[in-house]
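> First the structure, then my questions, so here it is.
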Amino acid sequence: MAVPTITLKPTGQQVPQVGFGLWKVPNDSTADVVYTAIQNGYRHFDGACDYGNEKEAGEGIRRAIKDGLVKREDIFVTSKLWATFHAPEHVEVAAKRQLADWGLEYFDLYLIHFPLPLQYVDPAERYPPGWSIAADKWETKTANVPLATTWKAVESLVDAGLVKNIGVCNFQGGLLLDLIRSARIPPAVLQIEHHPYLVQPQLLDLAKDLGIAVTAYSSFGPLSYRDIQSPKALGTSLLFDNDVITSTAKKHAKTPAQVLLKWAVQRGVIVIPKTADKQRQLENKDLFSFELSSEEQSAIDALDKGLRFNDPGDYLNPPQRI
Ligand code: NAD
């Protein structure tokens with residue numbers, strides 16, 4: 001069954017509601033994983049400078065185009081501006097480097113990765129730069145760049161034809177409203193951590209009112225953060241083992257992963273699950289042959305704990321909550 005699309009308000013461009021996330025896909029398998037995902041029907045890829053695999057992801061896409069599987073315009077490619085490149089003089093340089101890595105002429109969507117500028121690290125020194133200013137020890141340093149200044153530079157990428165849509169990640173409501181006050185081009189997408197332990201109904205309502213599409217990341221909650229040994233995630237029970245999720249899955253003869261993704265999709269959200277496994281790739285986009293009832297949706301909403309696993313407050317020094 002075809003994956004439905006969501007319309008991005010500023011440009012009218014369509015984005016497939018199920019995409020493919022590229023965080024933590026190892027460099028040596030990224031090109032093949034992307035190629036297989038395209039064979040499996042994925043037409044939307046979510047990358048970032050910080051994932052360190054943009055060259056390989058681009059290789060997978062270019063191979064699929066060369067083999068006649070897809071055309072460039074069939075694929076929706078997202079990338080993100082890393083936090084060390086928020087100063088206006090670094091934004092276009094960063095985006096151009098990323099486009100060259102992918103081997104693409106434009107991104108369909110370019111997002112500010114975190115509302116948290118970090119001190120510049122010269123790409124010649126280290127790329128991707130990551131969170132720490134020092135290569136040999138953990139030391140983070142924020143930079144004094146207002147978000148409105150960065151947004152203005154990101155808007156210029158649209159003018160230059162380098163990106164079609166722009167947006168933000170990890171913004172809360174107040175920051176979103178502030179951004180819109182001075183924006184010439186409104187954000188098309190808000191990408192946020194979103195799962196039944198972090199339900200955020202007000203933020204979703206606000207985005208809807210503002211005409212901003214929402215993309216959910218880490219739809220399976222703690223699982224992705226167990227992969228990186230996060231103590232918070234290791235100490236939280238898996239959503240895959242939760243009774244509400246497992247009993248709903250059983251009732252629909254679907255997997256817990258499909259129930260978690262379907263719950264998000266029925267909230268009007270775009271999902272971008274990541275898996276190298278061929279079968280799971282198919283499973284994660286097979287979400288449109290069943291419906292969760294409003295009672296089932298509400299029972300999943302009620303699992304909310306306000307629990308965020310991707311919180312820079314946990315890994316910046318000094319801690320800064322966003
Ligand atoms: P995810 O929710 O996609 O979970 C990934 C984990 O789930 C992996 O361990 C994978 O093996 C497992 N998995 C996937 N499908 C499965 C299935 N059907 N059954 C069982 N296990 C399955 O987590 P994620 O990678 O954190 O998030 C998805 C994407 O969101 C990322 O790849 C990235 O593109 C994006 N992201 C963005 C930000 C941001 O700050 N903007 C942060 C994190 C992730």
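Residue numbers start at 1 in each chain; chains themselves are named A, B, ... in the order of the structure tokens; ligands are numbered from 1 in the order shown.
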Please tabulate, as CSV, the residues of chain A that come within 8 Å of ligand 1, each with its closest pair of atoms and the distance in Å to one decimal, counting only C-alpha atoms and all ligand atoms and ordering rows by chain, then residue number upward.

```
residue,atom,partner,partner_atom_place_in_ligand_line,distance
A:Phe20,CA,ligand 1,34 (O),6.8
A:Gly21,CA,ligand 1,32 (O),3.2
A:Leu22,CA,ligand 1,32 (O),4.1
A:Trp23,CA,ligand 1,32 (O),3.8
A:Lys24,CA,ligand 1,32 (O),6.7
A:Val25,CA,ligand 1,32 (O),7.6
A:Phe45,CA,ligand 1,34 (O),7.6
A:Asp46,CA,ligand 1,34 (O),4.6
A:Gly47,CA,ligand 1,34 (O),5.5
A:Ala48,CA,ligand 1,34 (O),7.4
A:Lys80,CA,ligand 1,41 (N),7.8
A:His113,CA,ligand 1,41 (N),5.5
A:Phe114,CA,ligand 1,40 (O),6.6
A:Cys169,CA,ligand 1,41 (N),5.1
A:Asn170,CA,ligand 1,40 (O),6.2
A:Gln191,CA,ligand 1,41 (N),5.8
A:Ile192,CA,ligand 1,41 (N),6.3
A:Glu193,CA,ligand 1,42 (C),6.7
A:Ala216,CA,ligand 1,30 (O),7.0
A:Tyr217,CA,ligand 1,30 (O),3.9
A:Ser218,CA,ligand 1,2 (O),3.2
A:Ser219,CA,ligand 1,2 (O),4.1
A:Phe220,CA,ligand 1,2 (O),4.3
A:Gly221,CA,ligand 1,2 (O),6.2
A:Leu223,CA,ligand 1,6 (C),5.5
A:Ser224,CA,ligand 1,6 (C),4.5
A:Tyr225,CA,ligand 1,26 (O),7.0
A:Arg226,CA,ligand 1,9 (O),7.9
A:Asp227,CA,ligand 1,9 (O),6.1
A:Thr255,CA,ligand 1,18 (N),7.4
A:Pro256,CA,ligand 1,19 (N),7.5
A:Ala257,CA,ligand 1,18 (N),5.0
A:Gln258,CA,ligand 1,18 (N),6.8
A:Val271,CA,ligand 1,28 (C),7.7
A:Ile272,CA,ligand 1,29 (C),5.1
A:Pro273,CA,ligand 1,3 (O),3.4
A:Lys274,CA,ligand 1,3 (O),3.9
A:Thr275,CA,ligand 1,14 (C),4.4
A:Ala276,CA,ligand 1,11 (O),6.9
A:Asp277,CA,ligand 1,11 (O),7.6
A:Gln279,CA,ligand 1,18 (N),8.0
A:Arg280,CA,ligand 1,18 (N),4.4
A:Gln281,CA,ligand 1,18 (N),6.8
A:Glu283,CA,ligand 1,18 (N),5.8
A:Asn284,CA,ligand 1,18 (N),5.4
A:Asn310,CA,ligand 1,42 (C),6.8
```
> I need the residues in region 74-146 of chain A that are alpha helix (DSSP H) according to DSSP; give them as a list in words.
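Answer for region 74-146 of chain A restricted to alpha helix (DSSP H) is Pro88, Glu89, His90, Val91, Glu92, Val93, Ala94, Ala95, Lys96, Arg97, Gln98, Leu99, Ala100, Asp101 and Trp102 of chain A.
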> Can I get the selection written as a CSV table (one decimal), in the first residue's frame, with C-alpha atoms?

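Output (result11.csv):
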```csv
chain,number,residue,atom,x,y,z
A,88,PRO,CA,25.5,33.5,9.5
A,89,GLU,CA,28.9,33.3,7.8
A,90,HIS,CA,29.0,29.5,8.4
A,91,VAL,CA,25.4,28.5,7.3
A,92,GLU,CA,25.8,28.5,3.5
A,93,VAL,CA,29.3,27.0,3.7
A,94,ALA,CA,28.0,24.1,5.9
A,95,ALA,CA,24.9,23.5,3.6
A,96,LYS,CA,27.1,23.5,0.5
A,97,ARG,CA,29.5,21.0,2.0
A,98,GLN,CA,26.6,18.8,2.9
A,99,LEU,CA,25.1,19.0,-0.5
A,100,ALA,CA,28.5,18.1,-2.0
A,101,ASP,CA,28.7,15.1,0.4
A,102,TRP,CA,25.3,13.8,-0.7
```
> Just the strand (DSSP E or B) stuff from region 24-110 of chain A, please, per backbone DSSP, written as a list in words.
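Assigned to strand (DSSP E or B), within region 24-110 of chain A: His44, Phe45, Asp46, Phe76, Val77, Thr78, Ser79, Lys80, Leu81, Phe107, Asp108, Leu109 and Tyr110 of chain A.
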> Skip Pro123 (chain A) itself and residues of its chain fewer than 4 positions away, then list as an NGL selection string all residues within 10 Å of it, counting only C-alpha atoms.
:A and (84-85 or 94 or 97 or 127-129)
> Considering only C-alpha atoms, return as a list in words whatever protein or nucleic-acid residues lie within 8 Å of region 242-244 of chain A, sequence-local ones (same chain, fewer than 4 positions apart) excluded.
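After dropping sequence-adjacent residues, the list is Ser237, Leu238, Thr248, Ala299 and Ile300 of chain A.
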